[in-house]
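Working notes for the structure below.
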Amino acid sequence: MKFAVMGGTGLIGSQVVKNLNAAGHEAVPHSQSTGVDVISGQGVDEAVAGADVVVNLTNSPTFDEASPAFFQTSMDNLLAAAQKAGVGHFVILSIVGVDQVPELDYYRAKTLQEEILAAGPIPYSIVRATQFMEFMESVLSWTADSDTVRLPATPIQPIAAKDVAAAVAGVAAGTPLRGIRNIAGPEIFPLDELGRITLSHKGDDRPVVIDPTAGMFAAVKGDVLTDMDAHLASTRYADWLS
């Protein structure tokens, strides 16, 4: 099959392209760097033409109140192009529990993206993943200073990007789910504990203080970002760190 992978040069997209091509398919990466702009529409029709499947891994450049407009416009442009091209399967990557955290602009935006896809004209699949292990450094930096790192005790179930990419490629190559598949890492940690493990591995002796108001994940209530009933990946956090 032929796949148009939008956002195909990024952390997940580049690995999805590699996995699909290794499986004998033709997966072509598209991004702004290859002349495709999902907001202006430049190059979108050409990118999608001839594809059996569109995998949309593009992401909003901001996590704030501007993010819903990004997903509305990009999905409108991509779905119109995909319908015109006769694409038979449209795949996006979302977040486990995304519809349970309306306090976050970005999570509302991703929920909107899911709703647009589900209401659209093309058979679809939504892959929801838990938090990427690769993002832990950024999470720490949001609420850290030279002396202390402050984090809430929000339950997190980290998954390696390579496992996300493998799952997305597998779903994309299959029959449209017409629904959602949750994927997650094999372990759940309070975010503050995950911070301590990460800092210790780096030889960083700053203490992690539990602060229920610190950072983006402070808005998350309960364990909605975890799912032990999901399709569990095999990579454990300690193994990923090493």
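Labels used: A, B, ... for chains in the order of the structure tokens, numbers from 1 for residues in each chain, and numbers from 1 for ligands as shown.
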
Quiz prompt | Contacts of A:Thr226 at 8 Å (only C-alpha atoms; same-chain gap of 5+ positions) as an MDAnalysis selection string | solution = chainID A and resid 96:97 130 155:157 184 188

Quiz item: Quick one: DSSP alpha helix (DSSP H) residues in stretch 15-162 of chain A, as number ranges by chain?
Solution: A: 15-22, 44-48, 67-85, 105-119, 136-142, 161-162

Self-check item: Selected residue of minimal separation from A:Leu104 among A:Thr73, A:Thr154, A:Ser67, A:Ser125, counting only C-alpha atoms
Solution: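 Nearest to A:Leu104: A:Ser67.
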
Leaving out A:Ala169 and any residue of its chain fewer than 4 positions from it, which residues lie within 8 Å of it when counting only C-alpha atoms, given as a PDB file with all heavy atoms, in the first residue's frame?
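In the end it all went to out.pdb:
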ATOM      1  N   VAL A  16       7.527   5.874  11.898  1.00  0.00           N
ATOM      2  CA  VAL A  16       6.393   5.244  11.222  1.00  0.00           C
ATOM      3  C   VAL A  16       6.747   4.991   9.755  1.00  0.00           C
ATOM      4  O   VAL A  16       6.494   3.904   9.218  1.00  0.00           O
ATOM      5  CB  VAL A  16       5.131   6.130  11.335  1.00  0.00           C
ATOM      6  CG1 VAL A  16       4.023   5.620  10.412  1.00  0.00           C
ATOM      7  CG2 VAL A  16       4.627   6.160  12.775  1.00  0.00           C
ATOM      8  N   VAL A  17       7.338   5.974   9.115  1.00  0.00           N
ATOM      9  CA  VAL A  17       7.760   5.825   7.718  1.00  0.00           C
ATOM     10  C   VAL A  17       8.747   4.670   7.586  1.00  0.00           C
ATOM     11  O   VAL A  17       8.611   3.808   6.692  1.00  0.00           O
ATOM     12  CB  VAL A  17       8.381   7.136   7.198  1.00  0.00           C
ATOM     13  CG1 VAL A  17       9.077   6.921   5.855  1.00  0.00           C
ATOM     14  CG2 VAL A  17       7.317   8.222   7.079  1.00  0.00           C
ATOM     15  N   ASN A  19       9.158   2.076   9.565  1.00  0.00           N
ATOM     16  CA  ASN A  19       8.504   0.792   9.840  1.00  0.00           C
ATOM     17  C   ASN A  19       7.651   0.328   8.662  1.00  0.00           C
ATOM     18  O   ASN A  19       7.666  -0.850   8.292  1.00  0.00           O
ATOM     19  CB  ASN A  19       7.627   0.899  11.090  1.00  0.00           C
ATOM     20  CG  ASN A  19       8.432   1.011  12.371  1.00  0.00           C
ATOM     21  OD1 ASN A  19       9.625   0.747  12.390  1.00  0.00           O
ATOM     22  ND2 ASN A  19       7.783   1.428  13.446  1.00  0.00           N
ATOM     23  N   LEU A  20       6.901   1.246   8.068  1.00  0.00           N
ATOM     24  CA  LEU A  20       6.039   0.876   6.948  1.00  0.00           C
ATOM     25  C   LEU A  20       6.853   0.466   5.728  1.00  0.00           C
ATOM     26  O   LEU A  20       6.535  -0.516   5.052  1.00  0.00           O
ATOM     27  CB  LEU A  20       5.101   2.034   6.600  1.00  0.00           C
ATOM     28  CG  LEU A  20       3.979   2.296   7.602  1.00  0.00           C
ATOM     29  CD1 LEU A  20       3.283   3.619   7.293  1.00  0.00           C
ATOM     30  CD2 LEU A  20       2.963   1.153   7.614  1.00  0.00           C
ATOM     31  N   ALA A 165       5.390   4.431  17.529  1.00  0.00           N
ATOM     32  CA  ALA A 165       5.523   4.370  16.072  1.00  0.00           C
ATOM     33  C   ALA A 165       5.155   2.993  15.541  1.00  0.00           C
ATOM     34  O   ALA A 165       4.485   2.871  14.505  1.00  0.00           O
ATOM     35  CB  ALA A 165       6.946   4.735  15.666  1.00  0.00           C
ATOM     36  N   ALA A 173      -1.622   0.044   8.662  1.00  0.00           N
ATOM     37  CA  ALA A 173      -1.552  -1.007   7.648  1.00  0.00           C
ATOM     38  C   ALA A 173      -2.734  -1.974   7.727  1.00  0.00           C
ATOM     39  O   ALA A 173      -2.873  -2.853   6.869  1.00  0.00           O
ATOM     40  CB  ALA A 173      -0.242  -1.772   7.785  1.00  0.00           C
TER      41      ALA A 173
END

Exercise. Counting only C-alpha atoms, figure out which residue out of A:Val171, A:Val53, A:Met216, A:Ala85 gets nearest to A:Leu151.
Key: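 Closest candidate: A:Met216.
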
Quiz prompt | Best match for closeness to A:Leu241 among A:Ala82, A:Ala219, A:Met136, A:Val101, counting only C-alpha atoms | solution = A:Met136

Quiz item: For A:Gly43, which residue out of A:Ile92, A:Phe71, A:Met1, A:Asn77 is the nearest one, using only C-alpha atoms?
Solution: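 Smallest distance to A:Gly43 is found for A:Asn77.
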
Self-check item: Distance criterion (only C-alpha atoms): nearest to A:Ala69 out of A:Ala47, A:Val38, A:Ala23, A:Ala172
Solution: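 Going through A:Ala47, A:Val38, A:Ala23, A:Ala172 one by one, the smallest distance to A:Ala69 is for A:Val38.
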
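Taking atom CA of A:Gly35 as the reference point, atom CA of A:Gln15 is found at 19.9 Å.
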